[in-house]
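Inspection log for the structure reproduced underneath, given as structure tokens.
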Amino acid sequence: MNARGIGILKTLKHSWRTFPRRFATKVTKVGSDEIGSGTGIGRITGGLRDKDGHNKVNTPSKQIVTHLPPLTEPLPNMPEAVYAEPMAESAATKVTTLSNGLRIASEPRYGQFCTVGLVINSGPRYEVAYPGGVSHFLEKLAFNSTVNFPNRDAILKELEKNGGICDCQTSRDTLIYAASIDSRAIDSVTRLLADVTLRPTISEQEVNLAARAVNFELETLGMRPEQEPILMDMIHAAAYRDNTLGLPKLCPPETLESIDRAVLMNYLKHHHSPSRMVFAGVGVDHDELVEHVRKYFVEEEAIWETEPESNVGPNEVDTSIAQYTGGIVKEQCEIPIYAAAGLPELAHVVLGFEGCAHQDPDFVPLCVLNIMMGGGGSFSSGGPGKGMYSRLYTKVLNRYHWMYSATAYNHAYTDSGLFCIHGSAPPQHLNDMVEVIIRELLSMAAEPGREELMRSKIQLQSMLLMNLESRPVVFEDVGRQVLVSGHRKRPEHFIKEIEKVSAADIQRVATRLLSSPPSLAARGDISGLPEMSHVTSALGGAGRTGLGRRLSLFK
């Protein structure tokens with residue numbers, strides 16, 4: 001730096017020392033009770049007391065700043081407000097049955113887009129006479145080549161022209177094909193869905209690709225630390241041994257080579273009949289929807305009606321009623337460890353009992369009990385549960401550090417149900433984990449507290465209403481209810497039914513659950529798993545094992 005620059009810096013330094021300070025750094029000479037004393041902020045805020053010594057903090061001002069009246073009084077000379085009210089027909093579910101038995105159900109909904117699709121009475125529970133995994137294959141084969149669409153790309157292109165998306169999902173007793181699209185393209189999407197469900201060509205190449213996709217999915221599930229899909233298949237197999245709901249949802253590896261086009265077409269012929277379908281729509285005009293469905297589902301034939309008769313597979317649909325048996329299914333194996341996620345090696349156990357069907361009078365009380373049990377994982381921001389009040393959080397995850405998850409599940413079907421608790425812990429704590437789960441199951445029969453019951457009911461009501469704000473959820477609800485009962489119960493009905501649930505209802509439902517034989521599924525390093533006889537004895541003896549000693553956790 002030159003001499004001139006050094007001289008300028010010295011001048012600035014001298015000026016800073018002698019410059020009169022008129023900013024916040026100047027010490028303000030005010031009273032000690034003034035806000036910001038010594039910082040200069042008191043100049044802006046003023047003192048805490050007026051000239052008479054009265055405190056002015058939180059004292060409302062009486063100064064008139066507007067000629068308008070306060071918000072508590074109506075504005076003068078204004079007409080009375082008239083609020084919009086929902087029309088009765090805008091909330092009604094319309095149902096029409098066509099000549100071939102296909103039911104059409106729809107609800108109007110504001111918006112440019114709609115969700116339409118088919119809910120079919122199909123799924124793994126009907127596969128007793130087929131190789132296990134047919135529904136898994138159909139899920140992978142959905143929206144592939146059809147009579148009018150040569151390949152998947154043609155279908156996706158047709159959907160994308162109108163901003164549409166598609167999906168196919170299968171559960172144990174239903175198969176759903178759905179699409180969300182611009183409501184002005186209802187004719188196009190109805191034609192597409194008719195082709196996908198009634199006129200799929202299912203080439204051998206597509207079957208081979210589906211087999212590879214299924215095999216890849218099975219391998220992926222085996223390598224993931226999350227074991228819920230596999231465990232849910234295992235607990236159903238234990239609860240409904242070799243019948244209906246106990247048949248596998250995931251395709252067993254040994255049947256991959258047994259499923260070919262002939263098997264799939266035979267299954268579709270008998271299970272994709274119009275009488276087993278509901279075409280549901282949300283956000284569409286009902287009369288217009290009926291017209292398009294009649295055109296593509298009645299006037300045009302299914303592909304299996306035009307093909308030669310095949311002798312592969314059964315000639316009728318299995319109509320068996322689910323038989324709950326109870327029992328145990330276990331698998332000794334290594335579950336992958338993900339050190340980056342902070343998870344050690346875990347053993348998994350699911351313990352359950354027979355629940356009830358979704359048309360059973362005890363269905364709503366059982367849903368409240370499921371919310372009351374709650375649960376989840378112990379790894380979350382803020383610690384286990386983040387203040388949640390369900391029993392499996394407060395009495396299990398917050399109490400036993402070695403429990404990594406504890407979650408209650410309630411599965412309901414047309415003729416039965418399954419209520420269970422899934423827990424995971426390191427293998428050395430396996431026996432303790434089973435004891436903890438048994439204790440919580442037995443405690444369900446005790447009278448719940450008033451606050452606990454009220455909280456669970458309100459939580460269930462809010463979950464119901466929040467889920468039904470989504471158009472695809474409403475579509476599925478309409479389709480499933482009409483498929484089972486022929487009509488849809490409004491959310492108001494369930495809100496009232498939830499409100500009616502009492503502590504006595506919870507105790508009655510819990511006693512009903514515990515009176516059925518237990519079902520047990522276990523996977524991982526399960527060498528320390530108690531014998532099934534010990535579990536049954538502990539449940540039947542209110543906490544006593546088959547060895548005759550009282551469990552340490554049952555106090």
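Quick note on naming: the chains in the structure tokens go A, B, ... in the order shown, residues restart at 1 in each chain, and ligands are numbered from 1 in order of appearance.
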Next item on the list: For stretch 240-250 of chain A, work out the shell of residues within 10 Å, counting only C-alpha atoms and skipping chain neighbours fewer than 2 positions away, then give it as a PyMOL selection string.
Entry: chain A and resi 123-128+132-137+170-173+214+217-218+229-230+232-238+252-253+318-329+354+413+415-418+519
Notebook entry, point to check: Hey, what does DSSP flag as helix (DSSP H, G or I) within stretch 159-269 of chain A? Can you give it to me as number ranges by chain?
Noted result: A: 159-160, 183-198, 204-223, 228-239, 244-246, 253-258, 261-269
Checklist line | Selection: 9 Å around A:Ile438, only C-alpha atoms, excl. self and same-chain fewer than 5 positions, as an MDAnalysis selection string | finding: chainID A and resid 351 433 443 535 538:539 543
Hey, what's within 12 Å of stretch 391-401 of chain A if we count only C-alpha atoms and toss same-chain stuff fewer than 4 positions away? As a short mmCIF file (atom, residue, chain, number, x, y, z; two decimals) with all heavy atoms, in the first residue's frame, please?
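The resulting file, selection19.cif, is shown below:
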data_model
loop_
_atom_site.label_atom_id
_atom_site.label_comp_id
_atom_site.auth_asym_id
_atom_site.auth_seq_id
_atom_site.Cartn_x
_atom_site.Cartn_y
_atom_site.Cartn_z
N LEU A 369 -59.88 -50.41 18.58
CA LEU A 369 -58.86 -51.13 19.36
C LEU A 369 -57.53 -51.14 18.63
O LEU A 369 -56.46 -50.99 19.26
CB LEU A 369 -59.34 -52.56 19.63
CG LEU A 369 -58.35 -53.48 20.37
CD1 LEU A 369 -58.01 -52.92 21.75
CD2 LEU A 369 -58.92 -54.89 20.49
N ASN A 370 -57.56 -51.29 17.32
CA ASN A 370 -56.32 -51.28 16.54
C ASN A 370 -55.61 -49.93 16.65
O ASN A 370 -54.38 -49.87 16.81
CB ASN A 370 -56.65 -51.59 15.08
CG ASN A 370 -55.41 -51.64 14.21
OD1 ASN A 370 -54.45 -52.31 14.53
ND2 ASN A 370 -55.43 -50.91 13.11
N ILE A 371 -56.36 -48.85 16.60
CA ILE A 371 -55.78 -47.52 16.77
C ILE A 371 -55.24 -47.35 18.18
O ILE A 371 -54.17 -46.76 18.41
CB ILE A 371 -56.83 -46.43 16.47
CG1 ILE A 371 -57.22 -46.47 14.99
CG2 ILE A 371 -56.30 -45.05 16.84
CD1 ILE A 371 -56.12 -46.10 14.03
N MET A 372 -55.94 -47.90 19.16
CA MET A 372 -55.52 -47.80 20.56
C MET A 372 -54.18 -48.51 20.76
O MET A 372 -53.31 -48.03 21.50
CB MET A 372 -56.59 -48.41 21.46
CG MET A 372 -56.40 -48.15 22.94
SD MET A 372 -57.75 -48.88 23.91
CE MET A 372 -59.15 -47.99 23.27
N MET A 373 -53.99 -49.64 20.10
CA MET A 373 -52.72 -50.36 20.21
C MET A 373 -51.63 -49.64 19.42
O MET A 373 -50.51 -49.46 19.90
CB MET A 373 -52.87 -51.80 19.70
CG MET A 373 -53.88 -52.63 20.49
SD MET A 373 -53.48 -52.75 22.24
CE MET A 373 -52.00 -53.72 22.18
N GLY A 374 -51.94 -49.22 18.18
CA GLY A 374 -51.03 -48.40 17.39
C GLY A 374 -49.68 -49.02 17.16
O GLY A 374 -49.56 -50.17 16.74
N GLY A 375 -48.63 -48.26 17.45
CA GLY A 375 -47.28 -48.76 17.30
C GLY A 375 -46.57 -48.21 16.08
O GLY A 375 -47.08 -47.36 15.36
N GLY A 376 -45.36 -48.71 15.87
CA GLY A 376 -44.52 -48.27 14.76
C GLY A 376 -43.08 -48.64 15.03
O GLY A 376 -42.80 -49.60 15.76
N GLY A 377 -42.15 -47.86 14.49
CA GLY A 377 -40.73 -48.12 14.67
C GLY A 377 -40.14 -47.21 15.73
O GLY A 377 -40.67 -46.14 16.03
N SER A 378 -39.02 -47.65 16.31
CA SER A 378 -38.40 -46.87 17.38
C SER A 378 -37.45 -45.81 16.84
O SER A 378 -37.05 -44.92 17.57
CB SER A 378 -37.62 -47.80 18.32
OG SER A 378 -36.58 -48.44 17.63
N PHE A 379 -37.07 -45.88 15.54
CA PHE A 379 -36.16 -44.90 14.98
C PHE A 379 -36.96 -43.82 14.27
O PHE A 379 -37.57 -44.04 13.25
CB PHE A 379 -35.20 -45.57 13.98
CG PHE A 379 -34.04 -46.22 14.65
CD1 PHE A 379 -34.09 -47.56 15.00
CD2 PHE A 379 -32.92 -45.49 14.98
CE1 PHE A 379 -33.01 -48.16 15.64
CE2 PHE A 379 -31.84 -46.09 15.62
CZ PHE A 379 -31.89 -47.42 15.95
N SER A 380 -36.98 -42.65 14.89
CA SER A 380 -37.65 -41.50 14.29
C SER A 380 -37.07 -40.24 14.90
O SER A 380 -36.51 -40.26 15.98
CB SER A 380 -39.16 -41.56 14.55
OG SER A 380 -39.42 -41.63 15.93
N GLY A 383 -36.93 -39.10 18.86
CA GLY A 383 -37.02 -40.22 19.79
C GLY A 383 -38.20 -41.11 19.46
O GLY A 383 -39.03 -40.81 18.61
N PRO A 384 -38.31 -42.23 20.15
CA PRO A 384 -39.37 -43.20 19.87
C PRO A 384 -40.75 -42.59 20.03
O PRO A 384 -41.12 -42.11 21.09
CB PRO A 384 -39.13 -44.30 20.91
CG PRO A 384 -37.71 -44.14 21.30
CD PRO A 384 -37.42 -42.67 21.21
N GLY A 385 -41.52 -42.60 18.93
CA GLY A 385 -42.92 -42.22 19.01
C GLY A 385 -43.20 -40.75 18.88
O GLY A 385 -44.31 -40.37 18.54
N LYS A 386 -42.23 -39.91 19.14
CA LYS A 386 -42.41 -38.47 19.04
C LYS A 386 -43.68 -38.01 19.76
O LYS A 386 -44.48 -37.25 19.24
CB LYS A 386 -42.44 -38.04 17.57
CG LYS A 386 -41.13 -38.28 16.85
CD LYS A 386 -41.21 -37.86 15.41
CE LYS A 386 -42.11 -38.76 14.59
NZ LYS A 386 -42.02 -38.44 13.16
N GLY A 387 -43.89 -38.52 20.97
CA GLY A 387 -45.04 -38.07 21.75
C GLY A 387 -46.32 -38.82 21.47
O GLY A 387 -47.38 -38.40 21.92
N SER A 405 -39.29 -52.37 16.80
CA SER A 405 -40.60 -52.03 16.23
C SER A 405 -41.66 -52.87 16.91
O SER A 405 -41.39 -53.98 17.39
CB SER A 405 -40.63 -52.27 14.72
OG SER A 405 -40.56 -53.67 14.43
N ALA A 406 -42.85 -52.31 16.97
CA ALA A 406 -44.02 -53.03 17.49
C ALA A 406 -45.24 -52.37 16.88
O ALA A 406 -45.52 -51.19 17.15
CB ALA A 406 -44.07 -52.97 19.01
N THR A 407 -45.96 -53.08 16.03
CA THR A 407 -47.06 -52.50 15.28
C THR A 407 -48.25 -53.45 15.26
O THR A 407 -48.08 -54.66 15.06
CB THR A 407 -46.64 -52.21 13.83
OG1 THR A 407 -45.41 -51.47 13.83
CG2 THR A 407 -47.70 -51.42 13.09
N ALA A 408 -49.45 -52.90 15.47
CA ALA A 408 -50.68 -53.68 15.42
C ALA A 408 -51.28 -53.59 14.02
O ALA A 408 -51.26 -52.52 13.39
CB ALA A 408 -51.68 -53.18 16.46
N TYR A 409 -51.82 -54.69 13.51
CA TYR A 409 -52.46 -54.75 12.20
C TYR A 409 -53.86 -55.35 12.35
O TYR A 409 -54.05 -56.27 13.15
CB TYR A 409 -51.65 -55.62 11.22
CG TYR A 409 -50.29 -55.08 10.87
CD1 TYR A 409 -49.16 -55.42 11.63
CD2 TYR A 409 -50.11 -54.23 9.79
CE1 TYR A 409 -47.91 -54.93 11.31
CE2 TYR A 409 -48.85 -53.73 9.46
CZ TYR A 409 -47.76 -54.09 10.22
OH TYR A 409 -46.52 -53.61 9.91
N ILE A 421 -49.99 -58.50 16.02
CA ILE A 421 -48.95 -57.55 16.41
C ILE A 421 -47.62 -58.07 15.89
O ILE A 421 -47.26 -59.23 16.11
CB ILE A 421 -48.88 -57.37 17.94
CG1 ILE A 421 -50.15 -56.69 18.44
CG2 ILE A 421 -47.66 -56.55 18.33
CD1 ILE A 421 -50.17 -56.49 19.95
N HIS A 422 -46.90 -57.19 15.20
CA HIS A 422 -45.58 -57.53 14.65
C HIS A 422 -44.52 -56.82 15.47
O HIS A 422 -44.61 -55.61 15.71
CB HIS A 422 -45.50 -57.10 13.18
CG HIS A 422 -44.10 -57.08 12.65
ND1 HIS A 422 -43.62 -56.09 11.81
CD2 HIS A 422 -43.05 -57.92 12.84
CE1 HIS A 422 -42.36 -56.30 11.52
NE2 HIS A 422 -41.99 -57.41 12.12
N GLY A 423 -43.53 -57.56 15.93
CA GLY A 423 -42.43 -56.97 16.68
C GLY A 423 -41.09 -57.44 16.14
O GLY A 423 -40.98 -58.52 15.55
N SER A 424 -40.06 -56.59 16.33
CA SER A 424 -38.71 -56.98 15.92
C SER A 424 -37.73 -56.58 17.01
O SER A 424 -37.88 -55.54 17.66
CB SER A 424 -38.33 -56.31 14.59
OG SER A 424 -38.31 -54.91 14.72
N ALA A 425 -36.71 -57.42 17.22
CA ALA A 425 -35.69 -57.19 18.24
C ALA A 425 -34.47 -58.05 17.90
O ALA A 425 -34.56 -58.99 17.09
CB ALA A 425 -36.22 -57.56 19.63
N PRO A 426 -33.32 -57.76 18.48
CA PRO A 426 -32.15 -58.63 18.27
C PRO A 426 -32.45 -60.06 18.72
O PRO A 426 -33.25 -60.27 19.65
CB PRO A 426 -31.08 -57.99 19.16
CG PRO A 426 -31.48 -56.55 19.25
CD PRO A 426 -32.98 -56.56 19.26
N HIS A 429 -32.93 -61.25 22.35
CA HIS A 429 -34.09 -60.79 23.11
C HIS A 429 -35.39 -61.39 22.56
O HIS A 429 -36.48 -60.89 22.87
CB HIS A 429 -34.19 -59.27 23.06
CG HIS A 429 -33.07 -58.57 23.78
ND1 HIS A 429 -32.99 -58.53 25.16
CD2 HIS A 429 -32.00 -57.89 23.31
CE1 HIS A 429 -31.91 -57.84 25.51
NE2 HIS A 429 -31.29 -57.46 24.41
N ASP A 432 -37.88 -62.62 25.24
CA ASP A 432 -38.44 -61.47 25.95
C ASP A 432 -39.46 -60.73 25.09
O ASP A 432 -40.49 -60.27 25.58
CB ASP A 432 -37.33 -60.51 26.37
CG ASP A 432 -36.38 -61.12 27.38
OD1 ASP A 432 -36.82 -62.05 28.10
OD2 ASP A 432 -35.21 -60.70 27.45
N MET A 433 -39.17 -60.61 23.80
CA MET A 433 -40.09 -59.90 22.91
C MET A 433 -41.43 -60.62 22.82
O MET A 433 -42.49 -59.98 22.85
CB MET A 433 -39.47 -59.77 21.51
CG MET A 433 -40.41 -59.13 20.50
SD MET A 433 -39.60 -58.75 18.93
CE MET A 433 -39.16 -60.39 18.36
N VAL A 434 -41.41 -61.94 22.72
CA VAL A 434 -42.66 -62.70 22.67
C VAL A 434 -43.45 -62.48 23.96
O VAL A 434 -44.69 -62.31 23.93
CB VAL A 434 -42.38 -64.19 22.44
CG1 VAL A 434 -43.66 -65.00 22.52
CG2 VAL A 434 -41.71 -64.40 21.08
N GLU A 435 -42.78 -62.46 25.08
CA GLU A 435 -43.46 -62.23 26.36
C GLU A 435 -44.10 -60.85 26.41
O GLU A 435 -45.23 -60.68 26.88
CB GLU A 435 -42.48 -62.40 27.52
CG GLU A 435 -41.97 -63.83 27.69
CD GLU A 435 -41.00 -63.96 28.86
OE1 GLU A 435 -40.70 -62.93 29.50
OE2 GLU A 435 -40.54 -65.08 29.11
N VAL A 436 -43.39 -59.85 25.90
CA VAL A 436 -43.93 -58.49 25.89
C VAL A 436 -45.18 -58.42 25.01
O VAL A 436 -46.19 -57.81 25.38
CB VAL A 436 -42.86 -57.49 25.40
CG1 VAL A 436 -43.46 -56.12 25.16
CG2 VAL A 436 -41.74 -57.39 26.41
N ILE A 437 -45.13 -59.03 23.83
CA ILE A 437 -46.27 -59.01 22.91
C ILE A 437 -47.47 -59.72 23.54
O ILE A 437 -48.61 -59.25 23.46
CB ILE A 437 -45.90 -59.65 21.56
CG1 ILE A 437 -44.85 -58.79 20.84
CG2 ILE A 437 -47.13 -59.83 20.68
CD1 ILE A 437 -44.33 -59.39 19.55
N ILE A 438 -47.21 -60.86 24.18
CA ILE A 438 -48.30 -61.60 24.84
C ILE A 438 -48.92 -60.73 25.94
O ILE A 438 -50.16 -60.68 26.08
CB ILE A 438 -47.79 -62.92 25.41
CG1 ILE A 438 -47.43 -63.89 24.28
CG2 ILE A 438 -48.83 -63.57 26.32
CD1 ILE A 438 -46.79 -65.18 24.76
N ARG A 439 -48.08 -60.08 26.71
CA ARG A 439 -48.61 -59.24 27.78
C ARG A 439 -49.52 -58.14 27.24
O ARG A 439 -50.60 -57.88 27.77
CB ARG A 439 -47.46 -58.59 28.55
CG ARG A 439 -47.92 -57.74 29.74
CD ARG A 439 -46.84 -56.78 30.19
NE ARG A 439 -46.54 -55.83 29.12
CZ ARG A 439 -45.48 -55.03 29.12
NH1 ARG A 439 -44.60 -55.11 30.11
NH2 ARG A 439 -45.27 -54.19 28.12
N GLU A 440 -49.11 -57.50 26.15
CA GLU A 440 -49.92 -56.43 25.59
C GLU A 440 -51.22 -56.97 24.99
O GLU A 440 -52.26 -56.31 25.07
CB GLU A 440 -49.12 -55.67 24.52
CG GLU A 440 -47.96 -54.89 25.08
CD GLU A 440 -48.36 -53.96 26.19
OE1 GLU A 440 -49.41 -53.28 26.06
OE2 GLU A 440 -47.65 -53.90 27.21
N LEU A 441 -51.17 -58.15 24.41
CA LEU A 441 -52.40 -58.75 23.88
C LEU A 441 -53.37 -59.08 25.02
O LEU A 441 -54.58 -58.84 24.90
CB LEU A 441 -52.06 -60.01 23.09
CG LEU A 441 -51.41 -59.78 21.72
CD1 LEU A 441 -50.85 -61.09 21.15
CD2 LEU A 441 -52.41 -59.18 20.73
N SER A 443 -53.52 -57.59 27.90
CA SER A 443 -54.00 -56.36 28.53
C SER A 443 -55.11 -55.68 27.74
O SER A 443 -55.76 -54.77 28.25
CB SER A 443 -52.83 -55.39 28.72
OG SER A 443 -52.37 -54.91 27.46
N MET A 444 -55.35 -56.12 26.50
CA MET A 444 -56.43 -55.54 25.71
C MET A 444 -57.79 -55.77 26.36
O MET A 444 -58.72 -54.98 26.17
CB MET A 444 -56.44 -56.12 24.29
CG MET A 444 -55.23 -55.78 23.45
SD MET A 444 -55.42 -56.23 21.71
CE MET A 444 -55.88 -57.96 21.82
N PRO A 448 -60.35 -49.91 29.08
CA PRO A 448 -59.49 -48.77 28.70
C PRO A 448 -59.90 -47.51 29.44
O PRO A 448 -61.06 -47.35 29.84
CB PRO A 448 -59.75 -48.63 27.19
CG PRO A 448 -61.12 -49.17 27.00
CD PRO A 448 -61.29 -50.27 28.01
N GLY A 449 -58.96 -46.61 29.62
CA GLY A 449 -59.26 -45.34 30.26
C GLY A 449 -60.13 -44.46 29.38
O GLY A 449 -60.14 -44.60 28.14
N GLU A 452 -58.01 -42.35 26.99
CA GLU A 452 -57.39 -43.20 25.95
C GLU A 452 -58.41 -43.58 24.90
O GLU A 452 -58.14 -43.54 23.69
CB GLU A 452 -56.80 -44.45 26.61
CG GLU A 452 -56.13 -45.40 25.63
CD GLU A 452 -55.69 -46.69 26.27
OE1 GLU A 452 -56.36 -47.14 27.22
OE2 GLU A 452 -54.67 -47.24 25.82
N LEU A 453 -59.61 -43.96 25.32
CA LEU A 453 -60.66 -44.35 24.38
C LEU A 453 -61.08 -43.17 23.52
O LEU A 453 -61.24 -43.29 22.30
CB LEU A 453 -61.86 -44.91 25.14
CG LEU A 453 -63.08 -45.31 24.31
CD1 LEU A 453 -62.70 -46.40 23.31
CD2 LEU A 453 -64.22 -45.78 25.21
N ARG A 455 -59.36 -40.49 22.77
CA ARG A 455 -58.28 -40.14 21.85
C ARG A 455 -58.25 -41.10 20.65
O ARG A 455 -58.07 -40.67 19.51
CB ARG A 455 -56.94 -40.18 22.58
CG ARG A 455 -55.77 -39.72 21.71
CD ARG A 455 -54.41 -39.97 22.38
NE ARG A 455 -54.30 -39.21 23.61
CZ ARG A 455 -54.18 -39.74 24.81
NH1 ARG A 455 -54.18 -41.06 24.95
NH2 ARG A 455 -54.06 -38.99 25.87
N SER A 456 -58.43 -42.38 20.89
CA SER A 456 -58.40 -43.37 19.81
C SER A 456 -59.57 -43.17 18.85
O SER A 456 -59.39 -43.28 17.63
CB SER A 456 -58.44 -44.78 20.40
OG SER A 456 -57.35 -45.01 21.26
N LEU A 553 -42.47 -60.47 33.01
CA LEU A 553 -43.07 -59.22 32.58
C LEU A 553 -44.54 -59.11 32.96
O LEU A 553 -45.14 -58.05 32.83
CB LEU A 553 -42.93 -59.06 31.06
CG LEU A 553 -41.49 -58.95 30.56
CD1 LEU A 553 -41.46 -58.99 29.05
CD2 LEU A 553 -40.86 -57.68 31.08
#
Item checked: Closest of A:Leu268, A:Val482, A:Met277, A:Val290 to A:Trp304 - atom-to-atom distances counting only C-alpha atoms -> A:Leu268
Note to self: Need the shell around A:Pro225: protein/DNA/RNA residues with any atom at most 10 Å away, counting only C-alpha atoms. Skip same-chain ones fewer than 6 positions apart. Format as an MDAnalysis selection string?
What the structure shows: chainID A and resid 335:338 341 343:346
